[in-house]
file input.cif (mmCIF, C-alpha atoms)
data_run
#
loop_
_atom_site.label_atom_id
_atom_site.label_comp_id
_atom_site.auth_asym_id
_atom_site.auth_seq_id
_atom_site.Cartn_x
_atom_site.Cartn_y
_atom_site.Cartn_z
CA MET T 1 11.34 -8.13 15.42
CA PRO T 2 11.20 -5.16 13.01
CA PHE T 3 8.04 -3.62 14.48
CA LYS T 4 9.70 -3.41 17.91
CA HIS T 5 12.88 -1.74 16.64
CA ASN T 6 11.84 1.86 17.44
CA ALA T 7 9.13 1.06 19.95
CA SER T 8 10.57 3.39 22.57
CA HIS T 9 10.46 6.34 20.11
CA ARG T 10 6.93 5.79 18.85
CA HIS T 11 4.10 8.09 19.80
CA ARG T 12 1.71 6.50 22.23
CA ILE T 13 -2.00 7.23 22.03
CA GLY T 14 -3.18 8.04 25.50
CA LYS T 15 -6.45 7.07 27.10
CA MET T 16 -9.52 9.25 26.69
CA LYS T 17 -9.93 11.80 29.46
CA PHE T 18 -13.68 11.33 29.51
CA GLN T 19 -15.97 8.39 28.95
CA VAL T 20 -18.68 8.61 26.33
CA THR T 21 -21.90 7.21 27.72
CA ASN T 22 -24.33 8.21 24.97
CA TRP T 23 -22.71 7.23 21.68
CA ARG T 24 -25.76 8.11 19.58
CA GLU T 25 -25.73 11.72 20.79
CA TYR T 26 -21.94 11.93 20.53
CA GLU T 27 -21.93 10.80 16.88
CA ALA T 28 -24.80 13.14 16.02
CA GLY T 29 -22.77 16.01 17.47
CA LEU T 30 -19.79 15.04 15.32
CA ARG T 31 -21.99 15.03 12.21
CA ARG T 32 -23.38 18.48 13.10
CA ARG T 33 -19.84 19.90 13.15
CA GLY T 34 -19.65 19.39 9.38
CA SER T 35 -22.91 21.20 8.71
CA LEU T 36 -22.86 24.50 6.85
CA THR T 37 -25.74 26.95 6.97
CA LEU T 38 -25.64 30.17 5.00
CA TRP T 39 -28.35 32.83 4.97
CA LEU T 40 -28.72 35.54 2.38
CA THR T 41 -31.43 38.06 3.17
CA PRO T 42 -33.74 39.38 0.43
CA GLU T 43 -32.15 42.81 0.89
CA ALA T 44 -28.71 41.34 0.25
CA LEU T 45 -29.94 39.53 -2.85
CA SER T 46 -31.56 42.67 -4.23
CA SER T 47 -28.38 44.70 -3.71
CA TRP T 48 -26.00 42.03 -5.13
CA ARG T 49 -25.65 43.89 -8.42
CA ALA T 50 -23.93 47.27 -8.34
CA ALA T 51 -25.82 50.50 -8.88
CA LYS T 52 -25.25 52.40 -12.12
CA ARG T 53 -22.31 54.78 -12.03
CA THR T 54 -23.08 58.44 -12.77
CA THR T 55 -19.49 59.40 -13.55
CA ARG T 56 -17.36 58.40 -16.51
CA GLY T 57 -15.84 54.94 -16.66
CA GLY T 58 -16.92 51.35 -16.81
CA GLN T 59 -19.91 50.07 -14.94
CA PRO T 60 -19.19 47.75 -12.00
CA ARG T 61 -21.10 44.47 -12.07
CA HIS T 62 -20.93 43.59 -8.40
CA SER T 63 -21.78 45.72 -5.39
CA ASP T 64 -19.46 46.23 -2.45
CA LEU T 65 -21.71 43.85 -0.51
CA ALA T 66 -21.03 41.04 -3.01
CA ILE T 67 -17.28 41.65 -2.86
CA GLU T 68 -17.24 41.75 0.94
CA THR T 69 -19.38 38.59 1.14
CA ALA T 70 -16.93 36.73 -1.09
CA LEU T 71 -13.88 38.01 0.79
CA THR T 72 -15.46 37.14 4.14
CA LEU T 73 -16.18 33.58 3.02
CA GLY T 74 -12.59 33.32 1.86
CA LEU T 75 -11.30 34.52 5.21
CA VAL T 76 -13.57 32.24 7.22
CA PHE T 77 -12.57 29.11 5.32
CA GLY T 78 -8.95 30.13 4.71
CA LEU T 79 -9.24 30.09 0.92
CA ARG T 80 -7.34 31.88 -1.79
CA LEU T 81 -9.22 34.07 -4.26
CA ARG T 82 -9.74 31.42 -6.98
CA GLN T 83 -10.97 28.94 -4.38
CA THR T 84 -13.24 31.61 -2.92
CA GLU T 85 -14.72 32.19 -6.36
CA GLY T 86 -15.43 28.46 -6.70
CA LEU T 87 -16.96 28.19 -3.23
CA LEU T 88 -19.28 31.13 -3.79
CA ALA T 89 -20.31 29.79 -7.21
CA SER T 90 -21.18 26.38 -5.76
CA VAL T 91 -23.07 27.87 -2.80
CA LEU T 92 -25.16 30.11 -5.08
CA GLN T 93 -25.83 27.15 -7.39
CA LEU T 94 -26.93 24.96 -4.46
CA MET T 95 -29.24 27.74 -3.28
CA GLY T 96 -30.73 27.94 -6.78
CA LEU T 97 -29.81 31.61 -7.22
CA ASP T 98 -28.93 33.01 -10.63
CA LEU T 99 -26.42 35.63 -9.47
CA ALA T 100 -23.10 36.49 -11.08
CA VAL T 101 -20.07 35.51 -9.02
CA PRO T 102 -17.16 37.98 -8.83
CA ASP T 103 -14.07 36.45 -10.41
CA HIS T 104 -10.73 36.34 -8.62
CA THR T 105 -9.27 39.33 -10.45
CA THR T 106 -12.26 41.47 -9.50
CA LEU T 107 -11.94 40.30 -5.90
CA SER T 108 -8.26 41.18 -5.88
CA ARG T 109 -8.78 44.60 -7.44
CA ARG T 110 -11.77 45.56 -5.32
CA ALA T 111 -10.24 44.17 -2.11
CA SER T 112 -7.84 47.11 -2.10
CA THR T 113 -10.78 49.45 -1.46
CA SER T 114 -12.52 47.10 0.95
CA ARG T 115 -12.23 47.35 4.70
CA LEU T 116 -11.35 43.63 4.80
CA LEU T 117 -8.03 44.21 3.06
CA GLY T 118 -6.06 44.82 6.25
CA ARG T 119 -7.12 41.48 7.67
CA ARG T 120 -6.38 39.64 4.42
CA GLN T 121 -2.87 41.05 3.94
CA GLY T 122 -1.77 40.25 7.47
CA ARG T 123 -2.48 36.58 6.90
CA ARG T 124 0.22 34.13 5.96
CA PHE T 125 -0.49 31.25 3.64
CA PRO T 126 1.41 27.99 3.85
#
call {"tool": "encode", "arguments": {"input": "input.cif", "output": "structure tokens"}}
result
Amino acid sequence: MPFKHNASHRHRIGKMKFQVTNWREYEAGLRRRGSLTLWLTPEALSSWRAAKRTTRGGQPRHSDLAIETALTLGLVFGLRLRQTEGLLASVLQLMGLDLAVPDHTTLSRRASTSRLLGRRQGRRFP
């Protein structure tokens, strides 16, 4: 029989170590694990755009708070910068907020001055 050829080498699925008695509550708990809740305070929304620069040079569009928020979301979900940009854009769209999303080049450039840089560089991507 071909299905019995490597039967001794196959991984066996062991028995559960606990017995589920309330399946309704167990399944509701599994569904809650996929839930995502994100809060943005009114203060954070009002300071999303950067303040005007008084020195020479271009004006930044996004505040340090916006950059750190994007980088933090990327770290939490293990995303690269382009994926982080997409996640933040979709979250802001779902929340109905008309805020500009920092693009991946801005995130990369401004991450070098952010305090989150040390954590991001030490990470290895597959």
call {"tool": "residues_around", "arguments": {"input": "input.cif", "residues": "segment 81-85 of chain T", "least_positions_apart": "4", "cutoff": "9 Å", "atoms": "all atoms listed in the file", "output": "MDAnalysis selection string"}}
result
chainID T and resid 70:71 73:75 77 89:90 101:105 107:108
call {"tool": "write_last_selection", "arguments": {"input": "input.cif", "atoms": "C-alpha atoms", "output": "PDB file, in the coordinates of the input"}}
result
ATOM      1  CA  ALA T  70     -16.930  36.730  -1.090  1.00  0.00           C
ATOM      2  CA  LEU T  71     -13.880  38.010   0.790  1.00  0.00           C
ATOM      3  CA  LEU T  73     -16.180  33.580   3.020  1.00  0.00           C
ATOM      4  CA  GLY T  74     -12.590  33.320   1.860  1.00  0.00           C
ATOM      5  CA  LEU T  75     -11.300  34.520   5.210  1.00  0.00           C
ATOM      6  CA  PHE T  77     -12.570  29.110   5.320  1.00  0.00           C
ATOM      7  CA  ALA T  89     -20.310  29.790  -7.210  1.00  0.00           C
ATOM      8  CA  SER T  90     -21.180  26.380  -5.760  1.00  0.00           C
ATOM      9  CA  VAL T 101     -20.070  35.510  -9.020  1.00  0.00           C
ATOM     10  CA  PRO T 102     -17.160  37.980  -8.830  1.00  0.00           C
ATOM     11  CA  ASP T 103     -14.070  36.450 -10.410  1.00  0.00           C
ATOM     12  CA  HIS T 104     -10.730  36.340  -8.620  1.00  0.00           C
ATOM     13  CA  THR T 105      -9.270  39.330 -10.450  1.00  0.00           C
ATOM     14  CA  LEU T 107     -11.940  40.300  -5.900  1.00  0.00           C
ATOM     15  CA  SER T 108      -8.260  41.180  -5.880  1.00  0.00           C
TER      16      SER T 108
END
call {"tool": "residues_near_point", "arguments": {"input": "input.cif", "point": "(-19.0, 45.1, -0.1)", "cutoff": "12 Å", "atoms": "all atoms listed in the file", "output": "list in words"}}
result
Ala44, Ser47, Trp48, Arg49, Ala50, His62, Ser63, Asp64, Leu65, Ala66, Ile67, Glu68, Thr69, Ala70, Leu71, Thr72, Pro102, Leu107, Arg110, Ala111, Ser112, Thr113, Ser114, Arg115, Leu116 and Leu117 of chain T
call {"tool": "atom_distance", "arguments": {"input": "input.cif", "atom1": "atom CA of Ala100 of chain T", "atom2": "atom CA of Thr55 of chain T"}}
result
23.3 Å
call {"tool": "residues_around", "arguments": {"input": "input.cif", "residues": "segment 24-40 of chain T", "least_positions_apart": "4", "cutoff": "10 Å", "atoms": "only C-alpha atoms", "output": "list in words"}}
result
Val20, Ala44, Leu45, Thr69, Val91, Leu92 and Met95 of chain T
call {"tool": "atom_distance", "arguments": {"input": "input.cif", "atom1": "atom CA of Ala51 of chain T", "atom2": "atom CA of Leu88 of chain T"}}
result
21.1 Å
call {"tool": "atom_distance", "arguments": {"input": "input.cif", "atom1": "atom CA of Pro60 of chain T", "atom2": "atom CA of Val76 of chain T"}}
result
25.3 Å
